[in-house]
>>> print(open('my_file-v2.txt').read())   # compact mmCIF, C-alpha atoms and all ligand atoms
# COMPACT_ATOMS: atom_id res chain seq x y z
CA MET S 1 91.51 71.81 125.42
CA ARG S 2 89.72 74.89 126.65
CA THR S 3 91.05 78.39 127.34
CA GLU S 4 89.72 81.92 127.60
CA VAL S 5 91.64 83.38 124.65
CA ALA S 6 92.94 81.22 121.78
CA VAL S 7 95.81 83.13 120.16
CA ILE S 8 96.92 82.23 116.64
CA GLY S 9 100.57 83.18 115.99
CA ALA S 10 103.55 83.48 118.36
CA GLY S 11 105.09 86.54 116.68
CA PRO S 12 105.34 89.80 118.64
CA ALA S 13 101.56 90.45 118.51
CA GLY S 14 100.52 86.98 119.72
CA LEU S 15 103.13 86.55 122.45
CA LEU S 16 102.70 90.10 123.78
CA LEU S 17 98.92 89.71 123.88
CA SER S 18 99.22 86.45 125.77
CA HIS S 19 101.73 88.05 128.17
CA LEU S 20 99.50 91.07 128.87
CA LEU S 21 96.47 88.83 129.39
CA ALA S 22 98.41 86.63 131.83
CA ARG S 23 99.31 89.73 133.86
CA ALA S 24 95.56 90.43 134.12
CA GLY S 25 94.94 86.84 135.23
CA ILE S 26 93.43 85.73 131.89
CA ASP S 27 94.33 82.32 130.44
CA SER S 28 95.38 81.90 126.84
CA VAL S 29 96.89 79.24 124.60
CA VAL S 30 99.07 80.28 121.66
CA VAL S 31 99.43 78.10 118.54
CA GLU S 32 102.21 78.69 116.01
CA THR S 33 103.18 76.96 112.76
CA ARG S 34 106.92 77.60 113.02
CA SER S 35 109.46 76.50 115.62
CA GLN S 36 110.39 78.80 118.50
CA GLU S 37 113.93 79.16 117.08
CA TYR S 38 112.67 80.09 113.62
CA VAL S 39 110.33 82.80 114.93
CA ALA S 40 113.09 84.25 117.14
CA SER S 41 115.64 84.45 114.32
CA ARG S 42 113.55 86.30 111.69
CA ILE S 43 115.35 89.59 111.00
CA ARG S 44 112.71 92.28 110.73
CA ALA S 45 112.00 95.62 112.39
CA GLY S 46 114.54 97.65 114.37
CA ILE S 47 112.87 100.76 115.79
CA LEU S 48 110.50 101.07 118.76
CA GLU S 49 108.32 104.14 119.18
CA HIS S 50 108.14 106.02 122.45
CA ALA S 51 104.80 104.48 123.48
CA ALA S 52 105.95 100.95 122.55
CA VAL S 53 108.99 101.35 124.82
CA ASP S 54 106.74 102.57 127.66
CA LEU S 55 104.30 99.70 127.15
CA LEU S 56 107.01 97.01 127.09
CA THR S 57 108.63 98.58 130.16
CA SER S 58 105.37 98.69 132.11
CA ALA S 59 104.70 95.06 131.14
CA GLY S 60 107.99 93.98 132.76
CA LEU S 61 109.76 93.52 129.41
CA GLY S 62 112.08 96.53 129.57
CA ASP S 63 115.24 95.30 131.31
CA ARG S 64 117.30 94.30 128.26
CA LEU S 65 115.63 96.94 126.11
CA HIS S 66 116.96 99.67 128.41
CA ALA S 67 120.34 98.00 129.00
CA GLU S 68 121.12 97.02 125.39
CA GLY S 69 118.80 99.15 123.23
CA HIS S 70 119.82 102.67 122.24
CA GLU S 71 117.67 105.74 122.59
CA HIS S 72 117.76 107.99 119.52
CA ARG S 73 116.68 111.61 119.67
CA GLY S 74 115.76 111.72 115.97
CA VAL S 75 116.86 110.89 112.42
CA TYR S 76 118.78 112.48 109.56
CA LEU S 77 117.05 113.25 106.27
CA GLN S 78 119.39 113.61 103.36
CA TRP S 79 119.60 114.22 99.64
CA PRO S 80 122.61 115.04 97.44
CA GLU S 81 124.74 117.74 99.09
CA GLU S 82 122.37 118.18 102.06
CA ARG S 83 121.89 116.39 105.39
CA HIS S 84 119.57 117.63 108.15
CA HIS S 85 118.93 116.29 111.63
CA LEU S 86 115.37 116.25 112.98
CA ASP S 87 115.40 116.18 116.79
CA PHE S 88 112.17 114.42 117.84
CA LEU S 89 112.89 114.98 121.53
CA ASP S 90 113.16 118.76 121.05
CA LEU S 91 110.18 118.85 118.69
CA THR S 92 107.77 116.56 120.55
CA GLY S 93 109.32 115.50 123.87
CA ARG S 94 109.41 111.90 122.59
CA SER S 95 112.24 109.70 121.31
CA VAL S 96 112.61 106.22 119.76
CA HIS S 97 114.74 103.20 120.66
CA VAL S 98 116.87 101.07 118.36
CA TYR S 99 116.11 97.51 119.52
CA GLY S 100 115.62 94.70 117.01
CA GLN S 101 112.44 92.66 116.68
CA THR S 102 114.63 89.57 117.26
CA GLU S 103 115.45 90.96 120.72
CA VAL S 104 111.81 91.85 121.51
CA GLN S 105 110.89 88.30 120.51
CA LYS S 106 113.58 86.80 122.79
CA ASP S 107 112.33 88.92 125.72
CA LEU S 108 108.75 87.80 125.07
CA VAL S 109 109.74 84.13 124.94
CA ALA S 110 111.78 84.47 128.18
CA ALA S 111 108.90 86.18 130.04
CA HIS S 112 106.08 84.05 128.64
CA GLN S 113 104.47 81.62 131.05
CA GLY S 114 101.40 80.10 129.39
CA PRO S 115 101.30 77.28 126.86
CA VAL S 116 102.64 77.91 123.34
CA VAL S 117 102.11 75.03 120.92
CA TYR S 118 104.81 75.37 118.24
CA GLU S 119 105.03 73.59 114.88
CA VAL S 120 101.31 73.05 114.37
CA THR S 121 99.79 72.51 110.93
CA ASP S 122 96.36 72.98 109.42
CA THR S 123 95.14 75.69 111.85
CA ARG S 124 91.43 76.28 111.20
CA LEU S 125 88.98 78.72 112.80
CA HIS S 126 85.40 77.59 113.45
CA ASP S 127 82.15 79.30 114.50
CA VAL S 128 83.87 82.63 115.18
CA HIS S 129 80.54 84.48 114.94
CA THR S 130 78.99 82.33 117.71
CA ASP S 131 79.66 82.14 121.45
CA GLN S 132 81.43 78.81 120.94
CA PRO S 133 84.37 79.72 118.74
CA HIS S 134 87.13 77.14 118.46
CA LEU S 135 90.29 76.21 116.63
CA THR S 136 91.41 72.90 115.23
CA PHE S 137 94.98 72.06 114.31
CA VAL S 138 97.38 69.15 114.03
CA ASP S 139 100.21 69.13 116.57
CA ARG S 140 103.79 68.21 115.72
CA ASP S 141 103.16 64.57 116.69
CA GLY S 142 100.42 64.43 114.07
CA VAL S 143 97.58 64.43 116.63
CA HIS S 144 94.40 66.36 115.71
CA GLN S 145 93.57 68.92 118.44
CA ARG S 146 90.59 71.10 119.25
CA LEU S 147 90.93 74.30 121.27
CA ASP S 148 87.70 75.88 122.59
CA ALA S 149 87.81 79.49 123.73
CA THR S 150 85.69 82.48 124.68
CA VAL S 151 87.40 84.53 122.00
CA ILE S 152 90.00 83.98 119.27
CA ALA S 153 92.81 86.48 118.62
CA GLY S 154 94.11 86.33 115.05
CA CYS S 155 97.76 87.39 115.41
CA ASP S 156 98.96 85.23 112.53
CA GLY S 157 100.59 87.84 110.31
CA SER S 158 100.05 88.40 106.62
CA PHE S 159 99.90 84.72 105.61
CA GLY S 160 97.73 83.29 108.40
CA PRO S 161 94.15 82.04 108.09
CA SER S 162 92.47 84.55 110.47
CA ARG S 163 91.78 87.41 108.10
CA ALA S 164 90.02 85.09 105.65
CA ALA S 165 87.76 83.84 108.48
CA VAL S 166 85.91 87.16 108.16
CA PRO S 167 83.45 86.43 105.34
CA GLU S 168 83.16 88.53 102.18
CA PRO S 169 80.16 90.76 102.86
CA ALA S 170 81.54 91.83 106.26
CA ARG S 171 85.12 92.34 105.10
CA ARG S 172 86.64 95.28 103.22
CA VAL S 173 90.18 95.26 101.89
CA PHE S 174 92.23 98.34 101.00
CA GLU S 175 95.50 97.74 99.19
CA ARG S 176 98.36 99.57 97.47
CA THR S 177 101.47 97.99 95.96
CA TYR S 178 104.62 99.94 95.18
CA PRO S 179 106.86 99.58 92.12
CA TYR S 180 110.00 98.99 94.21
CA SER S 181 111.41 96.76 96.96
CA TRP S 182 114.22 97.02 99.52
CA LEU S 183 117.47 95.10 99.40
CA GLY S 184 118.33 94.79 103.12
CA ILE S 185 121.73 93.84 104.51
CA LEU S 186 123.00 93.10 107.98
CA ALA S 187 126.74 93.73 108.41
CA ASP S 188 129.30 93.12 111.14
CA VAL S 189 130.59 96.67 111.17
CA ALA S 190 130.14 99.64 113.49
CA PRO S 191 127.45 102.01 112.19
CA SER S 192 128.90 105.00 110.30
CA THR S 193 126.30 107.27 111.91
CA ASP S 194 125.00 107.99 115.41
CA GLU S 195 121.33 108.07 114.29
CA LEU S 196 119.46 106.69 111.25
CA ILE S 197 119.95 108.31 107.83
CA TYR S 198 116.99 108.30 105.40
CA ALA S 199 118.41 109.30 102.01
CA TRP S 200 116.67 110.47 98.85
CA HIS S 201 118.82 109.97 95.74
CA PRO S 202 117.95 110.14 92.02
CA ASP S 203 119.15 106.51 91.70
CA GLY S 204 116.94 105.35 94.60
CA PHE S 205 116.31 105.55 98.33
CA ALA S 206 118.85 104.31 100.89
CA LEU S 207 118.61 103.88 104.67
CA HIS S 208 121.41 103.48 107.19
CA SER S 209 120.10 101.82 110.34
CA MET S 210 121.77 99.71 112.99
CA ARG S 211 121.25 96.99 115.56
CA SER S 212 124.14 97.58 118.00
CA PRO S 213 127.50 99.38 118.24
CA THR S 214 129.00 96.56 116.12
CA VAL S 215 126.15 95.62 113.77
CA SER S 216 124.76 97.81 110.97
CA ARG S 217 121.51 97.35 109.03
CA LEU S 218 121.22 99.09 105.66
CA TYR S 219 118.68 99.15 102.85
CA LEU S 220 118.64 100.12 99.16
CA GLN S 221 115.66 100.73 96.91
CA VAL S 222 115.73 98.09 94.13
CA PRO S 223 113.24 97.11 91.39
CA ASN S 224 110.56 94.55 92.27
CA GLY S 225 111.66 91.01 91.49
CA THR S 226 115.34 91.71 92.28
CA ASP S 227 117.36 88.60 93.14
CA PRO S 228 119.59 89.48 96.14
CA ALA S 229 122.24 87.05 94.88
CA ARG S 230 122.73 89.33 91.84
CA TRP S 231 124.06 92.08 94.15
CA SER S 232 127.71 91.42 95.08
CA ASP S 233 128.89 92.73 98.45
CA GLN S 234 131.16 95.26 96.74
CA GLN S 235 128.37 96.53 94.49
CA THR S 236 126.00 96.83 97.49
CA TRP S 237 128.48 98.89 99.52
CA ASP S 238 129.35 101.08 96.50
CA GLU S 239 125.70 101.86 95.85
CA LEU S 240 125.03 102.54 99.55
CA ALA S 241 128.07 104.88 99.69
CA LYS S 242 126.87 106.82 96.66
CA ARG S 243 123.25 107.19 97.80
CA LEU S 244 124.11 107.91 101.45
CA GLY S 245 126.54 110.71 100.49
CA HIS S 246 130.00 109.19 101.11
CA GLY S 247 132.46 112.09 100.90
CA GLN S 248 129.80 114.75 101.49
CA ASP S 249 131.13 117.19 104.13
CA GLY S 250 133.81 114.65 105.07
CA TRP S 251 131.32 111.88 106.01
CA THR S 252 132.36 108.32 105.14
CA LEU S 253 130.53 105.00 105.03
CA THR S 254 132.64 102.15 106.41
CA PRO S 255 131.89 98.79 104.74
CA GLY S 256 132.23 95.43 106.51
CA PRO S 257 131.34 91.73 106.21
CA ILE S 258 127.71 91.22 105.14
CA THR S 259 126.02 88.45 107.17
CA ASP S 260 122.52 88.58 105.63
CA LYS S 261 121.09 89.88 102.36
CA SER S 262 117.43 89.76 101.39
CA VAL S 263 114.79 91.56 99.33
CA LEU S 264 111.56 92.84 100.91
CA PRO S 265 108.57 93.76 98.75
CA MET S 266 106.50 96.74 99.89
CA ARG S 267 102.78 97.13 100.21
CA SER S 268 100.03 98.86 102.13
CA PHE S 269 97.12 96.66 103.17
CA VAL S 270 94.23 97.20 105.60
CA GLN S 271 91.36 94.80 106.23
CA THR S 272 88.32 96.11 108.09
CA PRO S 273 86.70 95.50 110.50
CA MET S 274 89.27 94.15 112.97
CA ARG S 275 86.52 92.30 114.83
CA TYR S 276 84.06 89.73 113.53
CA GLY S 277 81.92 88.14 116.25
CA ASN S 278 84.39 86.63 118.70
CA LEU S 279 87.38 86.88 116.37
CA PHE S 280 89.74 89.83 116.87
CA LEU S 281 92.53 90.63 114.40
CA ALA S 282 95.76 92.29 115.55
CA GLY S 283 99.09 93.20 113.90
CA ASP S 284 100.02 92.13 110.37
CA ALA S 285 96.93 89.88 110.25
CA ALA S 286 94.87 93.06 109.82
CA HIS S 287 97.28 95.51 108.20
CA ILE S 288 100.64 95.83 106.49
CA VAL S 289 102.63 99.01 105.92
CA PRO S 290 105.66 99.57 103.73
CA PRO S 291 108.72 99.68 106.04
CA THR S 292 109.71 103.34 105.48
CA GLY S 293 108.85 104.95 108.82
CA ALA S 294 109.28 101.74 110.87
CA LYS S 295 105.63 101.33 111.84
CA GLY S 296 104.84 97.58 111.34
CA LEU S 297 106.02 96.23 114.68
CA ASN S 298 104.88 99.36 116.56
CA LEU S 299 101.39 99.06 115.17
CA ALA S 300 101.22 95.39 116.20
CA ILE S 301 102.23 96.40 119.75
CA ALA S 302 99.61 99.20 119.82
CA ASP S 303 96.85 96.82 118.65
CA VAL S 304 97.51 94.24 121.32
CA ALA S 305 97.88 96.81 124.09
CA LEU S 306 94.38 97.98 123.20
CA LEU S 307 93.01 94.46 122.74
CA ALA S 308 94.44 93.20 126.05
CA ARG S 309 92.85 96.13 127.91
CA ALA S 310 89.51 95.60 126.15
CA LEU S 311 89.48 91.83 126.76
CA THR S 312 90.35 92.37 130.41
CA ALA S 313 87.39 94.74 130.76
CA GLN S 314 85.13 92.21 129.03
CA LEU S 315 86.29 89.03 130.75
CA ARG S 316 87.06 90.36 134.25
CA GLU S 317 85.03 93.53 134.72
CA HIS S 318 82.10 92.44 132.50
CA THR S 319 82.01 95.76 130.65
CA THR S 320 81.86 95.67 126.87
CA ALA S 321 82.35 99.31 125.83
CA LEU S 322 86.08 98.88 125.09
CA ILE S 323 85.73 95.60 123.22
CA ASP S 324 82.83 96.95 121.19
CA ALA S 325 85.00 99.93 120.23
CA TYR S 326 88.16 97.83 119.56
CA SER S 327 87.99 97.79 115.77
CA GLU S 328 87.14 101.45 115.37
CA THR S 329 89.69 102.62 117.94
CA ALA S 330 92.49 100.44 116.53
CA LEU S 331 91.73 101.46 112.96
CA ARG S 332 92.17 105.15 113.78
CA ARG S 333 95.84 104.50 114.58
CA VAL S 334 96.15 102.00 111.72
CA TRP S 335 95.05 104.59 109.17
CA ARG S 336 97.30 107.28 110.70
CA CYS S 337 100.29 104.92 110.38
CA THR S 338 99.17 103.74 106.93
CA HIS S 339 99.15 107.35 105.78
CA PHE S 340 102.49 108.16 107.42
CA SER S 341 104.18 105.07 105.93
CA TRP S 342 102.77 105.84 102.47
CA TRP S 343 103.88 109.49 102.81
CA MET S 344 107.44 108.62 103.90
CA THR S 345 107.65 105.98 101.15
CA THR S 346 106.45 108.24 98.34
CA MET S 347 108.54 111.20 99.56
CA LEU S 348 111.78 109.22 99.60
CA HIS S 349 111.70 106.66 96.75
CA ALA S 350 112.89 107.61 93.28
CA SER S 351 110.66 107.20 90.25
CA ASP S 352 111.25 108.01 86.57
CA ASP S 353 109.06 111.11 86.81
CA PRO S 354 111.05 114.40 87.03
CA PHE S 355 107.93 116.27 88.24
CA GLU S 356 107.61 113.87 91.15
CA ALA S 357 111.32 114.27 91.98
CA GLU S 358 110.92 118.05 92.25
CA LEU S 359 107.88 117.64 94.51
CA GLN S 360 109.82 115.21 96.72
CA LEU S 361 112.76 117.59 97.07
CA SER S 362 110.43 120.49 97.79
CA GLN S 363 108.72 118.44 100.49
CA LEU S 364 112.08 117.42 102.00
CA ARG S 365 113.24 121.04 102.07
CA TRP S 366 110.02 122.06 103.80
CA VAL S 367 110.13 119.25 106.36
CA THR S 368 113.73 120.11 107.28
CA SER S 369 113.35 123.90 107.35
CA SER S 370 109.92 124.48 108.89
CA THR S 371 109.22 123.71 112.55
CA ALA S 372 105.65 122.82 111.58
CA GLY S 373 106.84 120.38 108.87
CA ALA S 374 109.51 118.82 111.10
CA THR S 375 107.09 118.46 114.02
CA GLY S 376 104.56 116.63 111.84
CA LEU S 377 107.15 114.04 110.83
CA ALA S 378 108.54 113.79 114.37
CA GLU S 379 105.11 113.33 115.96
CA ASN S 380 104.28 110.44 113.64
CA TYR S 381 107.72 108.80 113.70
CA ALA S 382 108.17 108.92 117.49
CA GLY S 383 104.53 107.81 117.61
CA LEU S 384 101.26 108.97 119.06
CA PRO S 385 100.26 108.00 122.61
CA LEU S 386 98.47 104.64 122.92
CA ALA S 387 94.68 104.75 123.08
CA VAL S 388 94.49 102.76 126.32
P1 LIG Q 1 104.26 88.19 112.55
O1 LIG Q 1 105.53 88.66 113.12
O2 LIG Q 1 104.24 87.88 111.09
O3 LIG Q 1 103.79 86.94 113.37
C1 LIG Q 1 102.72 86.12 112.95
C2 LIG Q 1 102.99 84.71 113.40
O4 LIG Q 1 101.87 83.88 113.05
C3 LIG Q 1 104.20 84.11 112.72
O5 LIG Q 1 105.10 83.62 113.69
C4 LIG Q 1 103.62 83.02 111.85
O6 LIG Q 1 104.51 81.91 111.70
C5 LIG Q 1 102.36 82.64 112.61
N1 LIG Q 1 101.36 81.97 111.79
C6 LIG Q 1 101.08 82.19 110.48
N2 LIG Q 1 100.13 81.35 110.06
C7 LIG Q 1 99.79 80.57 111.12
C8 LIG Q 1 98.87 79.51 111.29
N3 LIG Q 1 98.14 79.04 110.25
N4 LIG Q 1 98.77 78.93 112.51
C9 LIG Q 1 99.53 79.36 113.54
N5 LIG Q 1 100.44 80.37 113.42
C10 LIG Q 1 100.56 80.96 112.23
N6 LIG Q 1 108.53 96.43 110.27
C11 LIG Q 1 109.21 97.50 110.59
O7 LIG Q 1 108.66 98.33 111.32
N7 LIG Q 1 110.50 97.68 110.15
C12 LIG Q 1 111.13 96.74 109.38
O8 LIG Q 1 112.28 96.90 109.01
C13 LIG Q 1 110.43 95.60 109.00
N8 LIG Q 1 111.01 94.64 108.21
C14 LIG Q 1 110.25 93.56 107.88
C15 LIG Q 1 110.81 92.57 107.07
C16 LIG Q 1 110.05 91.45 106.68
C17 LIG Q 1 110.66 90.40 105.80
C18 LIG Q 1 108.70 91.34 107.14
C19 LIG Q 1 107.84 90.16 106.73
C20 LIG Q 1 108.17 92.32 107.95
C21 LIG Q 1 108.94 93.43 108.33
N9 LIG Q 1 108.42 94.41 109.15
C22 LIG Q 1 109.12 95.49 109.48
C23 LIG Q 1 107.10 94.32 109.70
C24 LIG Q 1 107.12 93.74 111.12
O9 LIG Q 1 108.12 92.77 111.23
C25 LIG Q 1 105.75 93.18 111.36
O10 LIG Q 1 104.83 94.27 111.29
C26 LIG Q 1 105.62 92.46 112.69
O11 LIG Q 1 106.34 91.26 112.66
C27 LIG Q 1 104.14 92.17 112.97
O12 LIG Q 1 104.02 91.26 114.03
P2 LIG Q 1 102.84 90.20 114.05
O13 LIG Q 1 103.04 89.45 115.31
O14 LIG Q 1 101.57 90.88 113.75
O15 LIG Q 1 103.11 89.27 112.78
C1 LIG Q 2 114.70 99.81 110.17
C2 LIG Q 2 113.71 99.50 109.29
C3 LIG Q 2 112.88 100.50 108.83
O1 LIG Q 2 111.90 100.22 107.98
C4 LIG Q 2 113.04 101.80 109.24
O2 LIG Q 2 112.22 102.75 108.74
C5 LIG Q 2 114.00 102.09 110.13
C6 LIG Q 2 114.84 101.09 110.60
C7 LIG Q 2 115.59 98.74 110.66
O3 LIG Q 2 115.43 97.58 110.24
O4 LIG Q 2 116.49 99.02 111.45
>>> encode(input="my_file-v2.txt", output="structure tokens", more="lines below")
Ligand code: FAD
Ligand code: DHB
Amino acid sequence: MRTEVAVIGAGPAGLLLSHLLARAGIDSVVVETRSQEYVASRIRAGILEHAAVDLLTSAGLGDRLHAEGHEHRGVYLQWPEERHHLDFLDLTGRSVHVYGQTEVQKDLVAAHQGPVVYEVTDTRLHDVHTDQPHLTFVDRDGVHQRLDATVIAGCDGSFGPSRAAVPEPARRVFERTYPYSWLGILADVAPSTDELIYAWHPDGFALHSMRSPTVSRLYLQVPNGTDPARWSDQQTWDELAKRLGHGQDGWTLTPGPITDKSVLPMRSFVQTPMRYGNLFLAGDAAHIVPPTGAKGLNLAIADVALLARALTAQLREHTTALIDAYSETALRRVWRCTHFSWWMTTMLHASDDPFEAELQLSQLRWVTSSTAGATGLAENYAGLPLAV
């Protein structure tokens, strides 16, 4: 098999890249280890930045997003006895949309036209630093396949083989782990809030998010290594109610049937450069952020928007300035989002250190009382314009 762009991974980064390339008349083949159903059912991110909404809309992927997603003007920040709304639209002229990654994935699958080879095993990258890069893999019938391409796009998330195809001397890794995780639940109950609540509490962070008018998504800070099965439904709702301020100024949290419960570890990770020869990394393959601030999916979308534009210039217009600048340009946004996610995470998660708690509360008071502080958070959360 031969194609122009061999894409590894059919998550949001891989499928969106392939879709954008197809719109520019560029052929690609996507290979994916999992089944289409498995990829579409993974419950992950829920918030799209302003620029991600614009990009998906301009790529013809906005119909359901605008019909079924919900535009939010901002978020609430809260701590015991206080809740403040930050209005991103007033502060920056930009908003966000609540629209689950599962829905983005469904829209991508429905719109996608090129070949996607699901359920492959043993994906290997070869000769990525030459002008004859290729992949080998075994298809689901057990047949060994070779896919030759002009370039390879590594969109294979945090466990794929692409990032390790950049050899040691060229590759730099930056990493930070955090001493806590999130217990996430999905519940068949109407959200108890119109917009997301990010809550600081001495017993740990809590977040009230949502997927639709009838489905809520909530998170609790828990110690690393927590077994979700050890948290009963009643205990989970009680802890959420306490941390989210049930009873404060008459606000109540309505519990409901929990349909999914899982624990997510948190880490920051960046691998540079995002290009090695004819291999380009995009999305979680190159970087991971802790979820506070909802940047993971948005960053994957920003990477591929940039990469699709740069590959189009290279393969169709025969100009290489954009592709040569891809890694540096993408990494500017990556580091901005890495900082923002780290800042939101460390501002909102409880530790045993009373000094740190006072600094966190001071920071929260400043962010919610100063237009400069609020605008900084709003600008980063609603997201910077895409560099395309
Ligand atoms: P992925 O979605 O991981 O897609 C990569 C694809 O590559 C996968 O389908 C994988 O099966 C495939 N692949 C892997 N190895 C191979 C191989 N050898 N050959 C072929 N294919 C391969 N972000 C937020 O903003 N908010 C959240 O609440 C949030 N929650 C999350 C919860 C979890 C459990 C996880 C893991 C992530 C979460 N994220 C969240 C992050 C967000 O989901 C990711 O940033 C986003 O999925 C990145 O998209 P991607 O396409 O780069 O990677
Ligand atoms: C969601 C996840 C996040 O990490 C976040 O900051 C906001 C919302 C969500 O899953 O809805």
>>> residues_around(input="my_file-v2.txt", residues="Thr345 (chain S)", least_positions_apart="4", cutoff="12 Å", atoms="only C-alpha atoms", output="VMD selection string")
chain S and resid 176 to 182 198 to 200 204 to 207 221 266 to 268 289 to 295 337 to 341 349 to 351 360
>>> closest_residue(input="my_file-v2.txt", among="S:Ala111, S:Ala308, S:Ile8, S:Met210", to="ligand LIG 1 (chain Q)", atoms="all atoms listed in the file")
S:Ile8
>>> atom_distance(input="my_file-v2.txt", atom1="CA of Ala67 (chain S)", atom2="atom C23 of ligand LIG 1 (chain Q)")
23.7 Å
>>> atom_distance(input="my_file-v2.txt", atom1="atom C24 of ligand LIG 1 (chain Q)", atom2="CA of Gly100 (chain S)")
10.4 Å
>>> atom_distance(input="my_file-v2.txt", atom1="CA of Thr252 (chain S)", atom2="CA of Leu348 (chain S)")
21.3 Å
>>> residues_around(input="my_file-v2.txt", residues="region 127-131 of chain S", least_positions_apart="5", cutoff="8 Å", atoms="only C-alpha atoms", output="PyMOL selection string")
chain S and resi 150-152+165+276-279
>>> residues_near_ligand(input="my_file-v2.txt", ligand="ligand LIG 1 (chain Q)", cutoff="7 Å", atoms="all atoms listed in the file", output="PyMOL selection string")
chain S and resi 8-14+31-34+39+43-47+101+120-123+155-161+264+282-285+288+291+294-298+300
>>> write_last_selection(input="my_file-v2.txt", atoms="C-alpha atoms", output="PDB file, in the coordinates of the input")
ATOM      1  CA  ILE S   8      96.920  82.230 116.640  1.00  0.00           C
ATOM      2  CA  GLY S   9     100.570  83.180 115.990  1.00  0.00           C
ATOM      3  CA  ALA S  10     103.550  83.480 118.360  1.00  0.00           C
ATOM      4  CA  GLY S  11     105.090  86.540 116.680  1.00  0.00           C
ATOM      5  CA  PRO S  12     105.340  89.800 118.640  1.00  0.00           C
ATOM      6  CA  ALA S  13     101.560  90.450 118.510  1.00  0.00           C
ATOM      7  CA  GLY S  14     100.520  86.980 119.720  1.00  0.00           C
ATOM      8  CA  VAL S  31      99.430  78.100 118.540  1.00  0.00           C
ATOM      9  CA  GLU S  32     102.210  78.690 116.010  1.00  0.00           C
ATOM     10  CA  THR S  33     103.180  76.960 112.760  1.00  0.00           C
ATOM     11  CA  ARG S  34     106.920  77.600 113.020  1.00  0.00           C
ATOM     12  CA  VAL S  39     110.330  82.800 114.930  1.00  0.00           C
ATOM     13  CA  ILE S  43     115.350  89.590 111.000  1.00  0.00           C
ATOM     14  CA  ARG S  44     112.710  92.280 110.730  1.00  0.00           C
ATOM     15  CA  ALA S  45     112.000  95.620 112.390  1.00  0.00           C
ATOM     16  CA  GLY S  46     114.540  97.650 114.370  1.00  0.00           C
ATOM     17  CA  ILE S  47     112.870 100.760 115.790  1.00  0.00           C
ATOM     18  CA  GLN S 101     112.440  92.660 116.680  1.00  0.00           C
ATOM     19  CA  VAL S 120     101.310  73.050 114.370  1.00  0.00           C
ATOM     20  CA  THR S 121      99.790  72.510 110.930  1.00  0.00           C
ATOM     21  CA  ASP S 122      96.360  72.980 109.420  1.00  0.00           C
ATOM     22  CA  THR S 123      95.140  75.690 111.850  1.00  0.00           C
ATOM     23  CA  CYS S 155      97.760  87.390 115.410  1.00  0.00           C
ATOM     24  CA  ASP S 156      98.960  85.230 112.530  1.00  0.00           C
ATOM     25  CA  GLY S 157     100.590  87.840 110.310  1.00  0.00           C
ATOM     26  CA  SER S 158     100.050  88.400 106.620  1.00  0.00           C
ATOM     27  CA  PHE S 159      99.900  84.720 105.610  1.00  0.00           C
ATOM     28  CA  GLY S 160      97.730  83.290 108.400  1.00  0.00           C
ATOM     29  CA  PRO S 161      94.150  82.040 108.090  1.00  0.00           C
ATOM     30  CA  LEU S 264     111.560  92.840 100.910  1.00  0.00           C
ATOM     31  CA  ALA S 282      95.760  92.290 115.550  1.00  0.00           C
ATOM     32  CA  GLY S 283      99.090  93.200 113.900  1.00  0.00           C
ATOM     33  CA  ASP S 284     100.020  92.130 110.370  1.00  0.00           C
ATOM     34  CA  ALA S 285      96.930  89.880 110.250  1.00  0.00           C
ATOM     35  CA  ILE S 288     100.640  95.830 106.490  1.00  0.00           C
ATOM     36  CA  PRO S 291     108.720  99.680 106.040  1.00  0.00           C
ATOM     37  CA  ALA S 294     109.280 101.740 110.870  1.00  0.00           C
ATOM     38  CA  LYS S 295     105.630 101.330 111.840  1.00  0.00           C
ATOM     39  CA  GLY S 296     104.840  97.580 111.340  1.00  0.00           C
ATOM     40  CA  LEU S 297     106.020  96.230 114.680  1.00  0.00           C
ATOM     41  CA  ASN S 298     104.880  99.360 116.560  1.00  0.00           C
ATOM     42  CA  ALA S 300     101.220  95.390 116.200  1.00  0.00           C
TER      43      ALA S 300
END
>>> closest_residue(input="my_file-v2.txt", among="S:Leu306, S:Val138, S:Leu183, S:Ile258", to="ligand LIG 2 (chain Q)", atoms="only C-alpha atoms and all ligand atoms")
S:Leu183
>>> residues_around(input="my_file-v2.txt", residues="Ala51 (chain S)", least_positions_apart="5", cutoff="7 Å", atoms="only C-alpha atoms", output="number ranges by chain")
S: 383, 385-386
>>> write_last_selection(input="my_file-v2.txt", atoms="C-alpha atoms", output="JSON list (two decimals), in the coordinates of the input")
[["chain", "number", "residue", "atom", "x", "y", "z"],
["S", 383, "GLY", "CA", 104.53, 107.81, 117.61],
["S", 385, "PRO", "CA", 100.26, 108.00, 122.61],
["S", 386, "LEU", "CA", 98.47, 104.64, 122.92]]
>>> residues_around(input="my_file-v2.txt", residues="Ala310 (chain S)", least_positions_apart="2", cutoff="9 Å", atoms="only C-alpha atoms", output="compact mmCIF listing (two decimals) with C-alpha atoms, keeping the file's coordinate frame")
# COMPACT_ATOMS: atom_id res chain seq x y z
CA ALA S 305 97.88 96.81 124.09
CA LEU S 306 94.38 97.98 123.20
CA LEU S 307 93.01 94.46 122.74
CA ALA S 308 94.44 93.20 126.05
CA THR S 312 90.35 92.37 130.41
CA ALA S 313 87.39 94.74 130.76
CA GLN S 314 85.13 92.21 129.03
CA LEU S 315 86.29 89.03 130.75
CA THR S 319 82.01 95.76 130.65
CA THR S 320 81.86 95.67 126.87
CA ALA S 321 82.35 99.31 125.83
CA LEU S 322 86.08 98.88 125.09
CA ILE S 323 85.73 95.60 123.22
CA ASP S 324 82.83 96.95 121.19
CA ALA S 325 85.00 99.93 120.23
CA TYR S 326 88.16 97.83 119.56
CA VAL S 388 94.49 102.76 126.32
